[in-house]
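Okay, structure first, notes after.
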Amino acid sequence: MIEWYKEYKGLLFRLAYQLKSAQKRREQYVGPWLPEPLPLFAQDDYDGVIQQDLLSYAMLVLLERLSPTERIVFVLREALCFDYPIIAELTNKTEANCRKLMSRAKSKMGVSEEDLHNREWQDEAWIQQFILSLTKGQVDTVVSLLAEDVVILSDGGGKVSAALRPIRTRDFVSRFLFGIIRKYHLAGASLEVTTHNGECCIVFRENDRITSVYFLHVRNEKIQQIYIMRNPDKLVHLM
């Protein structure tokens, strides 16, 4: 298994260190800071090797709360299902220390075992139906798909328009979404459902350039969070 890990360590460290802390830069950041979407895994050789839960955008957002060491232990344990003796050998730490790091990581992320292993994945048809409800102005249908405490986080990095604060509650979130759909329609933007981070997401294009990516985090068949990436610096690798 150690040999297998070494063969795929490039991907592992990309996952674990993608969100490496840049505290000074984030303190000066305009609006919410979200991680870059990952363009791989749709047809990737690693698909099926790494647990899909770890590829979700919502999980990347949670990984932001961890130190690099906590991330690497979390990914080794949860994504690759390594036993603690192997994790200890790979990280040059004791088993006990690795267990503490794992416990601390889960605590910081605020996730339970159920959250980690019972994630709801919405397929393209489900998302297309959600989009259709938005474009047709079906307010009741859209609201019924939103959790009461739904929240939108939008990252524009101060370079493009984006909500500077989280948008909360069904009422405000639904108004925001209908407004966005109208805005993009007037701008002649195209809308598609594609795959990033191993999950379906909504992509807006203007003049063949991706301008927004929307990730929907669903639990109990309700949308809990919507993460919107609009910062062009974080979208350029998806073009």
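In the structure tokens, each chain is lettered A, B, ... as it comes, each chain's residues begin at 1, and ligands are numbered from 1 in order of appearance.
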
Give me the residues within 12 Å of Gln128 (chain A) as a ChimeraX atom specification, counting only C-alpha atoms and dropping any in the same chain fewer than 6 places off.
/A:122,134-135,191-194,200-203

Find the residues around Leu132 (chain A) up to 10 Å (only C-alpha atoms counted), leave out those fewer than 6 positions away in its own chain, and share them as JSON, numbers by chain.
{"A": [126, 138, 142]}

Write the residues you've just listed into a file as an mmCIF file, in the first residue's frame, and include N, CA and C atoms for each of them.
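Saved result, result02.cif, follows:
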```
data_model
loop_
_atom_site.group_PDB
_atom_site.id
_atom_site.type_symbol
_atom_site.label_atom_id
_atom_site.label_comp_id
_atom_site.auth_asym_id
_atom_site.auth_seq_id
_atom_site.Cartn_x
_atom_site.Cartn_y
_atom_site.Cartn_z
ATOM 1 N N TRP A 126 -31.628 16.306 -12.029
ATOM 2 C CA TRP A 126 -32.165 17.045 -10.879
ATOM 3 C C TRP A 126 -31.809 18.526 -10.987
ATOM 4 N N GLN A 138 -40.962 29.641 -11.486
ATOM 5 C CA GLN A 138 -41.789 28.822 -10.591
ATOM 6 C C GLN A 138 -41.313 29.006 -9.146
ATOM 7 N N VAL A 142 -39.133 26.398 -6.539
ATOM 8 C CA VAL A 142 -37.765 26.736 -6.137
ATOM 9 C C VAL A 142 -37.657 26.830 -4.623
#
```

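The shortest atom-to-atom distance to His196 (chain A), with only C-alpha atoms taken into account, belongs to A:Leu235 out of A:Val30, A:Ser133, A:Cys98, A:Leu235.
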
List the neighbours of Lys222 (chain A) out to 7 Å using only C-alpha atoms; skip same-chain residues closer than 3 positions along the sequence, and give me the result as a PyMOL selection string.
chain A and resi 145-147+218-219

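Between CA of Thr69 (chain A) and CA of Leu153 (chain A) the interatomic distance comes to 26.3 Å.
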
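Separating CA of Gly31 (chain A) from CA of Gly156 (chain A) is a distance of 7.2 Å.
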
List the spatial neighbours of Pro35 (chain A) as a PyMOL selection string - criterion: any atom at most 10 Å away, only C-alpha atoms, same-chain residues fewer than 3 positions off excluded.
chain A and resi 18-20+38+57-58+60-64+155+227+229+234

Keeping N, CA and C atoms, export the residues of the selection given above as a compact mmCIF listing (two decimals), in the first residue's frame.
```
# COMPACT_ATOMS: atom_id res chain seq x y z
N GLN A 18 -4.15 22.12 -1.56
CA GLN A 18 -4.78 23.08 -2.47
C GLN A 18 -5.17 24.35 -1.72
N LEU A 19 -5.61 24.17 -0.49
CA LEU A 19 -6.15 25.28 0.28
C LEU A 19 -5.17 25.81 1.32
N LYS A 20 -3.89 25.68 1.03
CA LYS A 20 -2.86 26.10 1.98
C LYS A 20 -3.09 27.55 2.42
N LEU A 38 -11.94 22.38 -8.65
CA LEU A 38 -11.01 21.44 -9.26
C LEU A 38 -11.59 20.96 -10.58
N TYR A 57 -17.21 20.14 -3.57
CA TYR A 57 -16.80 21.51 -3.29
C TYR A 57 -17.09 21.88 -1.85
N ALA A 58 -18.21 21.39 -1.33
CA ALA A 58 -18.55 21.67 0.07
C ALA A 58 -17.46 21.14 1.00
N LEU A 60 -14.25 20.82 0.19
CA LEU A 60 -13.09 21.70 0.05
C LEU A 60 -13.26 22.95 0.91
N VAL A 61 -14.48 23.46 0.97
CA VAL A 61 -14.74 24.63 1.82
C VAL A 61 -14.47 24.29 3.28
N LEU A 62 -14.90 23.12 3.71
CA LEU A 62 -14.67 22.70 5.10
C LEU A 62 -13.18 22.47 5.37
N LEU A 63 -12.45 21.95 4.38
CA LEU A 63 -11.02 21.70 4.55
C LEU A 63 -10.24 23.00 4.78
N GLU A 64 -10.87 24.11 4.37
CA GLU A 64 -10.24 25.42 4.60
C GLU A 64 -9.97 25.68 6.07
N ASP A 155 -17.94 34.41 -4.24
CA ASP A 155 -16.56 34.89 -4.27
C ASP A 155 -16.29 35.61 -5.59
N TYR A 227 -22.56 27.64 -3.31
CA TYR A 227 -21.26 28.30 -3.40
C TYR A 227 -21.10 28.82 -4.83
N MET A 229 -18.61 30.71 -7.43
CA MET A 229 -17.28 31.20 -7.74
C MET A 229 -17.36 32.12 -8.96
N LYS A 234 -9.70 32.57 -10.27
CA LYS A 234 -9.93 31.21 -9.80
C LYS A 234 -10.71 30.37 -10.83
```

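Each of A:Glu148, A:Glu70, A:Asp123, A:Glu206 was compared to Arg99 (chain A) using only C-alpha atoms, and A:Glu70 turns out to be the nearest.
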
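Candidate residues A:Leu164, A:Leu177, A:Lys183, A:Tyr214 were compared for distance to Asn197 (chain A), and the nearest is A:Tyr214, using only C-alpha atoms.
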
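Of note, CA of Ala162 (chain A) and CA of Phe178 (chain A) are spaced 15.0 Å apart.
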
So that I can see what lies close to Pro232 (chain A), please list as an mmCIF file with N, CA and C atoms, in the first residue's frame the residues with an atom at most 8 Å from it, counting only C-alpha atoms and leaving out residues fewer than 6 positions away in the same chain.
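Written file, selection_20.cif:
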```
data_model
loop_
_atom_site.group_PDB
_atom_site.id
_atom_site.type_symbol
_atom_site.label_atom_id
_atom_site.label_comp_id
_atom_site.auth_asym_id
_atom_site.auth_seq_id
_atom_site.Cartn_x
_atom_site.Cartn_y
_atom_site.Cartn_z
ATOM 1 N N GLY A 156 -16.163 36.940 -5.496
ATOM 2 C CA GLY A 156 -15.801 37.726 -6.673
ATOM 3 C C GLY A 156 -14.412 38.312 -6.554
ATOM 4 N N LYS A 159 -13.043 41.708 -7.941
ATOM 5 C CA LYS A 159 -12.723 41.932 -9.358
ATOM 6 C C LYS A 159 -13.961 41.924 -10.237
ATOM 7 N N VAL A 160 -15.015 41.259 -9.771
ATOM 8 C CA VAL A 160 -16.290 41.248 -10.479
ATOM 9 C C VAL A 160 -17.388 41.383 -9.429
ATOM 10 N N THR A 211 -17.898 32.547 -16.523
ATOM 11 C CA THR A 211 -17.944 33.710 -15.632
ATOM 12 C C THR A 211 -18.430 33.347 -14.228
#
```

Taking the chain letters and numbering used in this document, name the residues of region 80-156 of chain A that DSSP puts in helix (DSSP H, G or I), as an NGL selection string.
:A and (84-91 or 95-109 or 113-117 or 124-135 or 139-144)
